[in-house]
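Structure file query.cif with mmCIF, C-alpha atoms:
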```cif
data_protein
loop_
_atom_site.label_atom_id
_atom_site.label_comp_id
_atom_site.auth_asym_id
_atom_site.auth_seq_id
_atom_site.Cartn_x
_atom_site.Cartn_y
_atom_site.Cartn_z
CA MET F 1 -123.47 -21.60 -1.61
CA SER F 2 -124.48 -19.55 -4.59
CA ALA F 3 -128.08 -19.56 -5.78
CA GLN F 4 -129.01 -21.20 -9.06
CA PRO F 5 -129.39 -18.84 -11.99
CA ARG F 6 -133.00 -17.98 -12.70
CA LEU F 7 -134.56 -17.69 -16.13
CA VAL F 8 -136.72 -14.61 -16.56
CA GLU F 9 -138.90 -14.13 -19.61
CA VAL F 10 -138.30 -10.96 -21.60
CA ARG F 11 -139.71 -11.14 -25.17
CA GLN F 12 -138.19 -8.18 -26.95
CA ASN F 13 -137.61 -7.79 -30.65
CA VAL F 14 -133.96 -6.76 -31.00
CA LEU F 15 -134.80 -4.40 -33.86
CA LYS F 16 -137.75 -2.89 -32.01
CA GLN F 17 -136.27 0.61 -32.03
CA ASN F 18 -135.67 0.52 -35.76
CA ASP F 19 -139.13 -0.90 -36.43
CA LEU F 20 -140.84 1.75 -34.30
CA LEU F 21 -138.92 4.53 -36.00
CA ALA F 22 -139.69 3.05 -39.43
CA ARG F 23 -143.37 2.98 -38.56
CA GLU F 24 -143.21 6.62 -37.52
CA LEU F 25 -141.44 7.51 -40.78
CA ARG F 26 -144.10 5.66 -42.76
CA ARG F 27 -146.77 7.71 -41.03
CA ARG F 28 -144.89 10.95 -41.76
CA PHE F 29 -144.54 9.99 -45.43
CA GLN F 30 -148.22 9.20 -45.64
CA ASP F 31 -149.25 12.46 -43.99
CA ALA F 32 -147.07 14.37 -46.45
CA GLY F 33 -148.51 12.49 -49.44
CA LEU F 34 -145.09 11.14 -50.25
CA TYR F 35 -144.48 7.73 -51.81
CA VAL F 36 -141.16 6.15 -50.83
CA VAL F 37 -139.30 3.50 -52.80
CA SER F 38 -136.08 1.81 -51.72
CA LEU F 39 -133.60 -0.04 -53.91
CA VAL F 40 -131.47 -2.97 -52.81
CA SER F 41 -129.03 -5.09 -54.80
CA SER F 42 -125.51 -6.40 -54.77
CA PRO F 43 -122.75 -3.88 -55.64
CA GLY F 44 -122.64 -3.15 -59.35
CA ALA F 45 -126.13 -4.37 -60.25
CA GLY F 46 -126.95 -0.94 -61.60
CA LYS F 47 -128.92 0.78 -58.84
CA THR F 48 -127.42 4.18 -59.48
CA ALA F 49 -127.74 4.06 -63.28
CA PHE F 50 -131.32 2.91 -62.99
CA LEU F 51 -132.15 5.52 -60.40
CA GLU F 52 -130.57 8.27 -62.49
CA LYS F 53 -132.78 7.29 -65.42
CA MET F 54 -135.89 7.07 -63.25
CA LEU F 55 -135.29 10.44 -61.61
CA SER F 56 -134.96 12.28 -64.91
CA SER F 57 -137.91 10.47 -66.52
CA LEU F 58 -140.19 11.17 -63.56
CA ARG F 59 -139.07 14.78 -63.36
CA GLU F 60 -139.89 15.19 -67.06
CA ARG F 61 -143.34 13.81 -66.31
CA GLY F 62 -143.85 16.66 -63.85
CA LEU F 63 -143.32 14.75 -60.62
CA ARG F 64 -141.37 16.18 -57.73
CA VAL F 65 -138.75 13.54 -56.97
CA ALA F 66 -135.74 13.28 -54.67
CA ALA F 67 -133.23 10.65 -53.62
CA LEU F 68 -131.23 9.55 -50.61
CA VAL F 69 -128.15 7.53 -51.43
CA GLY F 70 -126.37 5.27 -49.02
CA ASP F 71 -122.70 4.67 -49.64
CA LEU F 72 -119.88 3.37 -47.52
CA ALA F 73 -117.37 6.04 -48.27
CA THR F 74 -117.62 8.05 -51.47
CA ASP F 75 -120.15 10.56 -52.73
CA ASN F 76 -119.70 9.42 -56.35
CA ASP F 77 -123.24 8.07 -56.58
CA ALA F 78 -124.77 11.25 -55.22
CA ALA F 79 -122.72 13.29 -57.69
CA ARG F 80 -123.94 11.09 -60.55
CA LEU F 81 -127.56 11.40 -59.45
CA ALA F 82 -127.33 15.16 -59.08
CA ARG F 83 -127.08 15.25 -62.89
CA ALA F 84 -130.79 14.44 -62.96
CA ALA F 85 -131.31 17.94 -61.49
CA VAL F 86 -133.35 16.81 -58.52
CA PRO F 87 -132.59 17.03 -54.77
CA VAL F 88 -130.10 14.31 -53.81
CA LYS F 89 -128.55 13.66 -50.45
CA GLN F 90 -125.72 11.35 -49.58
CA ILE F 91 -125.79 9.18 -46.47
CA SER F 92 -122.25 8.08 -45.65
CA THR F 93 -122.51 4.95 -43.62
CA GLY F 94 -118.79 4.64 -42.93
CA THR F 95 -118.21 0.98 -42.26
CA VAL F 96 -121.88 0.18 -41.77
CA CYS F 97 -123.15 -2.15 -44.47
CA HIS F 98 -126.79 -1.03 -44.59
CA LEU F 99 -129.11 1.90 -44.03
CA ASP F 100 -131.39 2.00 -41.00
CA ALA F 101 -134.44 4.06 -40.10
CA GLN F 102 -132.48 6.49 -37.97
CA MET F 103 -130.13 7.36 -40.85
CA ILE F 104 -133.17 8.09 -43.02
CA GLU F 105 -134.76 10.26 -40.35
CA ARG F 106 -131.58 12.31 -39.94
CA ALA F 107 -131.06 12.71 -43.67
CA LEU F 108 -134.58 14.06 -44.14
CA ASP F 109 -134.03 16.78 -41.58
CA GLU F 110 -133.81 19.75 -43.93
CA TRP F 111 -136.28 18.57 -46.53
CA SER F 112 -139.89 19.57 -46.61
CA LEU F 113 -141.65 16.29 -47.37
CA GLU F 114 -144.85 18.04 -48.47
CA GLU F 115 -143.00 19.44 -51.46
CA LEU F 116 -142.18 15.99 -52.81
CA ASP F 117 -144.21 13.30 -54.58
CA LEU F 118 -141.69 10.48 -54.70
CA LEU F 119 -138.61 9.73 -52.67
CA PHE F 120 -136.09 7.07 -53.62
CA ILE F 121 -133.70 5.49 -51.15
CA GLU F 122 -130.69 3.71 -52.61
CA ASN F 123 -129.35 1.27 -50.06
CA VAL F 124 -125.71 0.24 -49.75
CA GLY F 125 -124.83 -2.44 -52.30
CA ASN F 126 -125.36 -5.56 -50.21
CA LEU F 127 -127.81 -8.44 -50.47
CA VAL F 128 -127.58 -9.51 -46.84
CA CYS F 129 -127.67 -6.81 -44.19
CA PRO F 130 -130.33 -4.43 -45.62
CA SER F 131 -132.90 -7.21 -45.32
CA SER F 132 -133.13 -6.79 -41.54
CA TYR F 133 -133.98 -3.07 -41.56
CA ASP F 134 -137.34 -1.52 -42.30
CA LEU F 135 -136.78 2.02 -43.60
CA GLY F 136 -140.41 3.06 -43.61
CA GLU F 137 -140.58 2.73 -47.38
CA ASN F 138 -143.80 1.88 -49.26
CA LEU F 139 -142.10 -0.27 -51.85
CA ARG F 140 -138.82 -2.16 -51.80
CA ILE F 141 -137.27 -3.14 -55.10
CA VAL F 142 -134.59 -5.78 -55.36
CA LEU F 143 -132.45 -5.44 -58.49
CA LEU F 144 -130.82 -8.37 -60.20
CA SER F 145 -128.60 -7.69 -63.18
CA THR F 146 -127.99 -9.91 -66.18
CA THR F 147 -124.28 -9.81 -65.35
CA GLU F 148 -124.94 -11.78 -62.17
CA GLY F 149 -125.78 -15.44 -61.74
CA GLU F 150 -129.37 -16.57 -62.37
CA ASP F 151 -129.30 -18.37 -59.02
CA LYS F 152 -128.74 -15.25 -56.92
CA PRO F 153 -132.29 -15.40 -55.53
CA LEU F 154 -131.52 -18.88 -54.19
CA LYS F 155 -128.35 -17.63 -52.56
CA TYR F 156 -130.03 -14.62 -50.96
CA PRO F 157 -133.63 -15.71 -50.36
CA THR F 158 -134.13 -13.39 -47.38
CA ILE F 159 -133.64 -10.16 -49.30
CA PHE F 160 -135.99 -11.41 -52.02
CA ASN F 161 -138.51 -12.10 -49.31
CA THR F 162 -138.37 -8.63 -47.83
CA ALA F 163 -138.68 -6.97 -51.25
CA ASP F 164 -141.98 -6.29 -53.00
CA VAL F 165 -140.85 -6.24 -56.60
CA CYS F 166 -137.88 -7.56 -58.55
CA LEU F 167 -136.28 -5.69 -61.37
CA ILE F 168 -133.92 -7.41 -63.76
CA THR F 169 -131.49 -4.75 -64.93
CA LYS F 170 -129.02 -4.48 -67.83
CA ILE F 171 -131.42 -6.52 -69.95
CA ASP F 172 -129.63 -5.17 -73.05
CA LEU F 173 -126.63 -7.28 -72.01
CA ALA F 174 -128.59 -10.51 -71.51
CA GLU F 175 -127.48 -12.01 -74.78
CA ALA F 176 -123.81 -11.11 -74.39
CA THR F 177 -123.67 -12.53 -70.86
CA GLU F 178 -125.76 -15.57 -71.85
CA PHE F 179 -128.14 -14.73 -69.05
CA ASP F 180 -130.72 -17.48 -68.74
CA LEU F 181 -133.92 -15.55 -68.10
CA THR F 182 -136.08 -18.65 -67.64
CA THR F 183 -133.82 -19.96 -64.88
CA ALA F 184 -133.64 -16.55 -63.23
CA LEU F 185 -137.43 -16.19 -63.22
CA ALA F 186 -137.82 -19.70 -61.83
CA SER F 187 -135.30 -18.94 -59.05
CA ILE F 188 -137.22 -15.81 -58.10
CA GLN F 189 -140.56 -17.63 -58.01
CA GLN F 190 -139.02 -20.45 -55.99
CA VAL F 191 -138.00 -18.17 -53.11
CA ARG F 192 -140.85 -15.69 -53.47
CA PRO F 193 -143.88 -17.22 -55.19
CA GLY F 194 -145.96 -14.63 -57.03
CA MET F 195 -143.32 -11.88 -56.98
CA LYS F 196 -143.82 -9.32 -59.72
CA VAL F 197 -140.77 -9.06 -61.99
CA PHE F 198 -139.83 -6.34 -64.46
CA GLN F 199 -137.01 -6.28 -66.98
CA ALA F 200 -135.34 -3.08 -68.00
CA SER F 201 -132.23 -1.39 -69.30
CA ALA F 202 -131.25 2.02 -68.01
CA LYS F 203 -128.91 2.36 -70.98
CA THR F 204 -131.30 1.67 -73.86
CA GLY F 205 -134.49 2.58 -72.03
CA GLU F 206 -136.01 -0.81 -72.80
CA GLY F 207 -138.74 -1.74 -70.32
CA MET F 208 -138.60 1.65 -68.62
CA ASP F 209 -142.10 2.76 -69.64
CA GLU F 210 -143.74 -0.36 -68.31
CA TRP F 211 -141.85 -0.06 -65.05
CA LEU F 212 -142.64 3.63 -64.59
CA LYS F 213 -146.30 2.99 -65.35
CA PHE F 214 -146.39 0.36 -62.64
CA LEU F 215 -144.66 2.69 -60.18
CA GLU F 216 -147.01 5.55 -60.95
CA GLY F 217 -149.99 3.21 -60.45
CA LYS F 218 -148.66 2.16 -57.06
CA ARG F 219 -148.11 5.76 -56.04
CA LYS F 220 -151.57 6.82 -57.13
CA SER F 221 -153.35 4.01 -55.35
CA SER F 222 -151.43 4.76 -52.17
CA ASP F 223 -152.40 8.41 -52.51
CA GLU F 224 -156.05 7.50 -53.03
CA CYS F 225 -155.94 5.36 -49.89
CA ARG F 226 -154.54 8.32 -47.98
CA MET F 227 -157.23 10.69 -49.25
CA MET F 228 -159.93 8.20 -48.38
CA SER F 229 -158.63 7.76 -44.86
CA ASP F 230 -158.33 11.55 -44.48
CA GLU F 231 -161.95 11.89 -45.52
CA LEU F 232 -163.01 9.21 -43.06
CA LYS F 233 -161.14 11.02 -40.31
CA ARG F 234 -162.99 14.25 -41.10
CA GLU F 235 -166.41 12.62 -41.03
CA MET A 236 -121.78 -7.88 -41.59
CA HIS A 237 -124.31 -6.18 -39.34
CA GLU A 238 -124.21 -8.77 -36.57
CA LEU A 239 -121.95 -6.61 -34.42
CA SER A 240 -124.48 -3.79 -34.25
CA ILE A 241 -127.22 -6.35 -33.59
CA ALA A 242 -125.14 -7.81 -30.73
CA MET A 243 -124.61 -4.32 -29.31
CA SER A 244 -128.36 -3.62 -29.35
CA MET A 245 -128.98 -6.93 -27.60
CA ILE A 246 -126.47 -6.13 -24.87
CA GLU A 247 -127.98 -2.69 -24.41
CA MET A 248 -131.47 -4.19 -24.07
CA ALA A 249 -130.30 -6.86 -21.63
CA THR A 250 -128.40 -4.29 -19.55
CA GLU A 251 -131.49 -2.09 -19.31
CA GLU A 252 -133.61 -5.05 -18.32
CA ALA A 253 -131.07 -6.03 -15.63
CA GLU A 254 -131.10 -2.49 -14.25
CA ARG A 255 -134.88 -2.50 -14.17
CA ARG A 256 -134.68 -5.60 -12.04
CA GLY A 257 -132.43 -3.93 -9.50
CA GLY A 258 -129.02 -4.36 -11.08
CA VAL A 259 -128.97 -8.14 -11.29
CA GLN A 260 -126.12 -9.99 -12.98
CA VAL A 261 -127.02 -11.51 -16.35
CA SER A 262 -125.28 -14.81 -17.04
CA ALA A 263 -126.99 -15.64 -20.33
CA VAL A 264 -129.19 -14.11 -23.00
CA HIS A 265 -131.64 -16.41 -24.77
CA LEU A 266 -132.46 -15.45 -28.32
CA LYS A 267 -134.92 -16.81 -30.83
CA LEU A 268 -133.48 -16.60 -34.34
CA GLY A 269 -135.36 -17.22 -37.56
CA PRO A 270 -133.60 -18.00 -40.87
CA LEU A 271 -135.36 -15.00 -42.45
CA SER A 272 -134.07 -12.48 -39.91
CA GLY A 273 -131.11 -11.70 -42.15
CA VAL A 274 -128.75 -12.50 -39.27
CA VAL A 275 -126.08 -15.21 -39.44
CA LYS A 276 -125.90 -17.29 -36.28
CA GLU A 277 -122.14 -17.88 -36.24
CA ALA A 278 -121.38 -14.24 -36.92
CA LEU A 279 -123.73 -13.20 -34.14
CA LEU A 280 -122.15 -15.58 -31.62
CA PHE A 281 -118.72 -14.25 -32.48
CA SER A 282 -119.87 -10.63 -32.35
CA TYR A 283 -121.62 -11.17 -29.02
CA ASP A 284 -118.43 -12.05 -27.18
CA VAL A 285 -116.62 -9.10 -28.69
CA ALA A 286 -119.46 -6.68 -27.94
CA CYS A 287 -119.79 -7.89 -24.34
CA GLU A 288 -116.27 -6.85 -23.41
CA GLY A 289 -116.24 -3.97 -20.97
CA THR A 290 -120.01 -4.08 -20.43
CA PRO A 291 -121.96 -5.41 -17.43
CA LEU A 292 -122.62 -8.50 -19.57
CA GLU A 293 -118.98 -9.43 -19.98
CA GLY A 294 -118.60 -13.18 -19.56
CA SER A 295 -122.26 -13.90 -20.26
CA ARG A 296 -123.37 -16.50 -22.79
CA LEU A 297 -125.59 -16.12 -25.80
CA VAL A 298 -127.96 -19.04 -26.20
CA ILE A 299 -129.58 -19.17 -29.63
CA GLU A 300 -132.71 -21.13 -30.34
CA ASP A 301 -133.09 -21.70 -34.08
CA VAL A 302 -136.67 -21.52 -35.19
CA PRO A 303 -137.84 -22.84 -38.55
CA VAL A 304 -139.71 -21.01 -41.27
CA VAL A 305 -143.39 -21.78 -41.13
CA VAL A 306 -145.63 -20.94 -44.07
CA TYR A 307 -149.32 -21.26 -44.74
CA CYS A 308 -150.34 -23.61 -47.52
CA PRO A 309 -153.51 -22.30 -49.18
CA GLU A 310 -154.13 -25.68 -50.77
CA CYS A 311 -153.92 -27.85 -47.63
CA GLU A 312 -155.17 -24.95 -45.48
CA GLU A 313 -152.46 -25.90 -43.00
CA GLU A 314 -149.32 -24.47 -41.46
CA ARG A 315 -146.23 -26.09 -42.93
CA THR A 316 -142.59 -26.00 -41.91
CA LEU A 317 -140.24 -25.29 -44.81
CA ASP A 318 -137.49 -27.77 -45.52
CA SER A 319 -135.34 -25.09 -47.09
CA ILE A 320 -135.55 -21.32 -47.47
CA GLN A 321 -134.57 -21.86 -51.10
CA LYS A 322 -138.01 -23.26 -51.82
CA PHE A 323 -141.18 -21.62 -50.61
CA SER A 324 -143.67 -24.36 -51.21
CA CYS A 325 -145.75 -26.77 -49.17
CA ALA A 326 -143.72 -29.76 -47.97
CA VAL A 327 -146.73 -32.01 -48.53
CA CYS A 328 -148.49 -30.92 -51.74
CA GLU A 329 -145.73 -28.70 -53.20
CA THR A 330 -148.03 -25.72 -53.80
CA PRO A 331 -145.89 -22.55 -53.87
CA THR A 332 -146.75 -20.08 -51.13
CA PRO A 333 -145.38 -16.69 -50.14
CA GLN A 334 -147.36 -16.53 -46.87
CA ILE A 335 -144.76 -16.54 -44.13
CA LEU A 336 -146.12 -17.14 -40.63
CA ARG A 337 -142.85 -17.47 -38.71
CA GLY A 338 -139.12 -17.46 -39.37
CA GLN A 339 -138.26 -13.76 -39.19
CA GLU A 340 -137.66 -13.77 -35.42
CA LEU A 341 -134.79 -11.87 -33.88
CA GLU A 342 -136.09 -11.77 -30.39
CA ILE A 343 -134.67 -11.86 -26.87
CA VAL A 344 -136.95 -14.34 -25.12
CA ALA A 345 -135.32 -14.69 -21.72
CA LEU A 346 -132.41 -13.71 -19.51
CA GLU A 347 -130.61 -15.96 -17.08
CA ILE A 348 -129.89 -13.99 -13.96
CA GLU A 349 -127.75 -14.84 -10.97
CA GLY A 350 -129.19 -15.13 -7.51
#
```

Do you think you could lay out the structure here as structure tokens?
Amino acid sequence: MSAQPRLVEVRQNVLKQNDLLARELRRRFQDAGLYVVSLVSSPGAGKTAFLEKMLSSLRERGLRVAALVGDLATDNDAARLARAAVPVKQISTGTVCHLDAQMIERALDEWSLEELDLLFIENVGNLVCPSSYDLGENLRIVLLSTTEGEDKPLKYPTIFNTADVCLITKIDLAEATEFDLTTALASIQQVRPGMKVFQASAKTGEGMDEWLKFLEGKRKSSDECRMMSDELKRE
Amino acid sequence: MHELSIAMSMIEMATEEAERRGGVQVSAVHLKLGPLSGVVKEALLFSYDVACEGTPLEGSRLVIEDVPVVVYCPECEEERTLDSIQKFSCAVCETPTPQILRGQELEIVALEIEG
């Protein structure tokens, strides 16, 4: 007679390894005085175009910026971003539909984090899978373009919930695509009440200043926090 | 679809746990799954069977317990279960709230072991 199966309690977060590594990365970024921003969106929402514009604008403002770009197969995005004349590294994920903390750690291998102010991580174009993985970033932006449906936040509430800020891109096309901004904003607030939303166009530059000002404010306040905690440690 | 890699991590964790307990045979893995985990239940169930093949967990079952999203309503000062993840507001007074208390779980809670 075989014994009855027993139930033993385990309690383990399946993504524990990723979360621990992400936490370690976050500490490394903080120690190096580096502010890290990740971008998520569906394919074609304009992550690369927006990032290209941000990288050159921030570089012109005297900031030391760099980018990691996740892509399934090609290095087209990395090649595009390299035009901004800043360090860019490609992470080829193969068939994997998202970036994880380990990929970030490996990609940072040869870079000296102390020599950077801002690092951008462009995730693979996907509104589902990236939501499960913490990358150690300080700020996660979800991009929604005016060429997509206004109800996208309702279809992908989880990604909107893991992001800190929403950026509506290709705002210059809003009229041509009959993008209903009011509905889009309502959808965002419905799945993530209080979420801060920006509107911009990488092509015309509209809304870029306001966005960059916000980003710079976030970076500075994070840096001030770091300096304060360093001071406390010394005391 | 990232459920396959999630399933593989689960099997790895369960295998390690079984080894720690003296190489016991695992017949089922019990998982708590929240709607905000970013993981699709059906895809995970399918991936689990595929990922189990050729591992010590081959033939084992995956038992998923769905857990709801619970938010905090600042108006009622109460925990509230969401009716839908498309609407983050209090089910009673309709005040919008972004304060998630539960619903992001992706957690192995128990293993069924033979003998």

Near chain A, which residues of chain F fall within 9 Å when you count all atoms listed in the file, and what do they look like as a PDB file with C-alpha atoms, in the coordinates of the input?
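Output below, filename result.pdb:
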```pdb
ATOM      1  CA  SER F   2    -124.480 -19.550  -4.590  1.00  0.00           C
ATOM      2  CA  ALA F   3    -128.080 -19.560  -5.780  1.00  0.00           C
ATOM      3  CA  GLN F   4    -129.010 -21.200  -9.060  1.00  0.00           C
ATOM      4  CA  PRO F   5    -129.390 -18.840 -11.990  1.00  0.00           C
ATOM      5  CA  ARG F   6    -133.000 -17.980 -12.700  1.00  0.00           C
ATOM      6  CA  LEU F   7    -134.560 -17.690 -16.130  1.00  0.00           C
ATOM      7  CA  VAL F   8    -136.720 -14.610 -16.560  1.00  0.00           C
ATOM      8  CA  GLU F   9    -138.900 -14.130 -19.610  1.00  0.00           C
ATOM      9  CA  VAL F  10    -138.300 -10.960 -21.600  1.00  0.00           C
ATOM     10  CA  ARG F  11    -139.710 -11.140 -25.170  1.00  0.00           C
ATOM     11  CA  GLN F  12    -138.190  -8.180 -26.950  1.00  0.00           C
ATOM     12  CA  ASN F  13    -137.610  -7.790 -30.650  1.00  0.00           C
ATOM     13  CA  VAL F  14    -133.960  -6.760 -31.000  1.00  0.00           C
ATOM     14  CA  LEU F  15    -134.800  -4.400 -33.860  1.00  0.00           C
ATOM     15  CA  VAL F  96    -121.880   0.180 -41.770  1.00  0.00           C
ATOM     16  CA  CYS F  97    -123.150  -2.150 -44.470  1.00  0.00           C
ATOM     17  CA  HIS F  98    -126.790  -1.030 -44.590  1.00  0.00           C
ATOM     18  CA  VAL F 128    -127.580  -9.510 -46.840  1.00  0.00           C
ATOM     19  CA  CYS F 129    -127.670  -6.810 -44.190  1.00  0.00           C
ATOM     20  CA  PRO F 130    -130.330  -4.430 -45.620  1.00  0.00           C
ATOM     21  CA  SER F 131    -132.900  -7.210 -45.320  1.00  0.00           C
ATOM     22  CA  SER F 132    -133.130  -6.790 -41.540  1.00  0.00           C
ATOM     23  CA  PRO F 153    -132.290 -15.400 -55.530  1.00  0.00           C
ATOM     24  CA  LEU F 154    -131.520 -18.880 -54.190  1.00  0.00           C
ATOM     25  CA  LYS F 155    -128.350 -17.630 -52.560  1.00  0.00           C
ATOM     26  CA  TYR F 156    -130.030 -14.620 -50.960  1.00  0.00           C
ATOM     27  CA  PRO F 157    -133.630 -15.710 -50.360  1.00  0.00           C
ATOM     28  CA  THR F 158    -134.130 -13.390 -47.380  1.00  0.00           C
ATOM     29  CA  ILE F 159    -133.640 -10.160 -49.300  1.00  0.00           C
ATOM     30  CA  ASN F 161    -138.510 -12.100 -49.310  1.00  0.00           C
ATOM     31  CA  THR F 162    -138.370  -8.630 -47.830  1.00  0.00           C
ATOM     32  CA  SER F 187    -135.300 -18.940 -59.050  1.00  0.00           C
ATOM     33  CA  GLN F 189    -140.560 -17.630 -58.010  1.00  0.00           C
ATOM     34  CA  GLN F 190    -139.020 -20.450 -55.990  1.00  0.00           C
ATOM     35  CA  VAL F 191    -138.000 -18.170 -53.110  1.00  0.00           C
ATOM     36  CA  ARG F 192    -140.850 -15.690 -53.470  1.00  0.00           C
ATOM     37  CA  PRO F 193    -143.880 -17.220 -55.190  1.00  0.00           C
ATOM     38  CA  GLY F 194    -145.960 -14.630 -57.030  1.00  0.00           C
ATOM     39  CA  MET F 195    -143.320 -11.880 -56.980  1.00  0.00           C
TER      40      MET F 195
END
```

For a quick check of understanding, using all atoms listed in the file, which of A:Leu280, A:Val285, A:Cys311, A:Leu239 has the smallest distance to Ala326 in chain A? A:Cys311

I need the residue set behind the PyMOL selection byres ((chain F and resi 180) around 12) for this file; please write it as a PyMOL selection string. chain F and resi 145-151+168+171+173-179+181-187

Find the residues around Val124 in chain F up to 9 Å (all atoms listed in the file counted), leave out those fewer than 2 positions away in its own chain, and share them as an MDAnalysis selection string. chainID F and resid 39:43 69:72 93 96:99 122 126:127 130

Which residues, written as a ChimeraX atom specification, have at least one atom at most 7 Å from Arg140 in chain F, with only C-alpha atoms counted and residues fewer than 2 positions away on the same chain left out? /F:37-39,137-138,142,163-165

What are the centre and edge lengths in Å, to one decimal, of the axis-aligned box around all listed atoms of range 260-276 of chain A with 5 Å added on each side, as JSON?
```
{"center_x": -130.3, "center_y": -14.0, "center_z": -27.7, "size_x": 20.1, "size_y": 18.0, "size_z": 39.5}
```

Which is closest to Gln17 in chain F among F:Asp31, F:Asp134, F:Asp223, F:Asp230, if we use only C-alpha atoms?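 Comparing F:Asp31, F:Asp134, F:Asp223, F:Asp230 against Gln17 in chain F, the winner is F:Asp134.
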
So that I can see what lies close to Glu24 in chain F, please list as a list of chain:residue names the residues with an atom at most 10 Å from it, counting all atoms listed in the file and leaving out residues fewer than 4 positions away in the same chain.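 Final neighbour list, sorted by chain and number: F:Asn18, F:Asp19, F:Leu20, F:Arg28, F:Phe29, F:Gln30, F:Ala101, F:Glu105, F:Leu135, F:Gly136.
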
Report, in Å with one decimal, the straight-line distance from CA of Phe160 in chain F to CA of Val306 in chain A.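 Rounded to one decimal, the two atoms are 15.7 Å apart.
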
Residue completion, range 78-90 of chain F, N, CA and C atoms, as a compact mmCIF listing (two decimals), keeping the file's coordinate frame:
```
# COMPACT_ATOMS: atom_id res chain seq x y z
N ALA F 78 -123.98 10.04 -55.40
CA ALA F 78 -124.77 11.25 -55.22
C ALA F 78 -124.45 12.26 -56.31
N ALA F 79 -123.15 12.36 -56.65
CA ALA F 79 -122.72 13.29 -57.69
C ALA F 79 -123.32 12.89 -59.04
N ARG F 80 -123.35 11.59 -59.29
CA ARG F 80 -123.94 11.09 -60.55
C ARG F 80 -125.43 11.42 -60.61
N LEU F 81 -126.11 11.20 -59.48
CA LEU F 81 -127.56 11.40 -59.45
C LEU F 81 -127.93 12.87 -59.54
N ALA F 82 -127.04 13.72 -59.05
CA ALA F 82 -127.33 15.16 -59.08
C ALA F 82 -127.48 15.65 -60.52
N ARG F 83 -126.95 14.88 -61.46
CA ARG F 83 -127.08 15.25 -62.89
C ARG F 83 -128.54 15.21 -63.33
N ALA F 84 -129.37 14.49 -62.61
CA ALA F 84 -130.79 14.44 -62.96
C ALA F 84 -131.52 15.71 -62.51
N ALA F 85 -130.77 16.65 -61.91
CA ALA F 85 -131.31 17.94 -61.49
C ALA F 85 -132.48 17.82 -60.53
N VAL F 86 -132.34 16.93 -59.58
CA VAL F 86 -133.35 16.81 -58.52
C VAL F 86 -132.59 16.80 -57.18
N PRO F 87 -133.29 17.06 -56.07
CA PRO F 87 -132.59 17.03 -54.77
C PRO F 87 -132.03 15.64 -54.46
N VAL F 88 -130.75 15.58 -54.15
CA VAL F 88 -130.10 14.31 -53.81
C VAL F 88 -129.28 14.50 -52.55
N LYS F 89 -129.39 13.58 -51.65
CA LYS F 89 -128.55 13.66 -50.45
C LYS F 89 -127.83 12.35 -50.21
N GLN F 90 -126.56 12.51 -49.84
CA GLN F 90 -125.72 11.35 -49.58
C GLN F 90 -125.81 10.94 -48.11
```
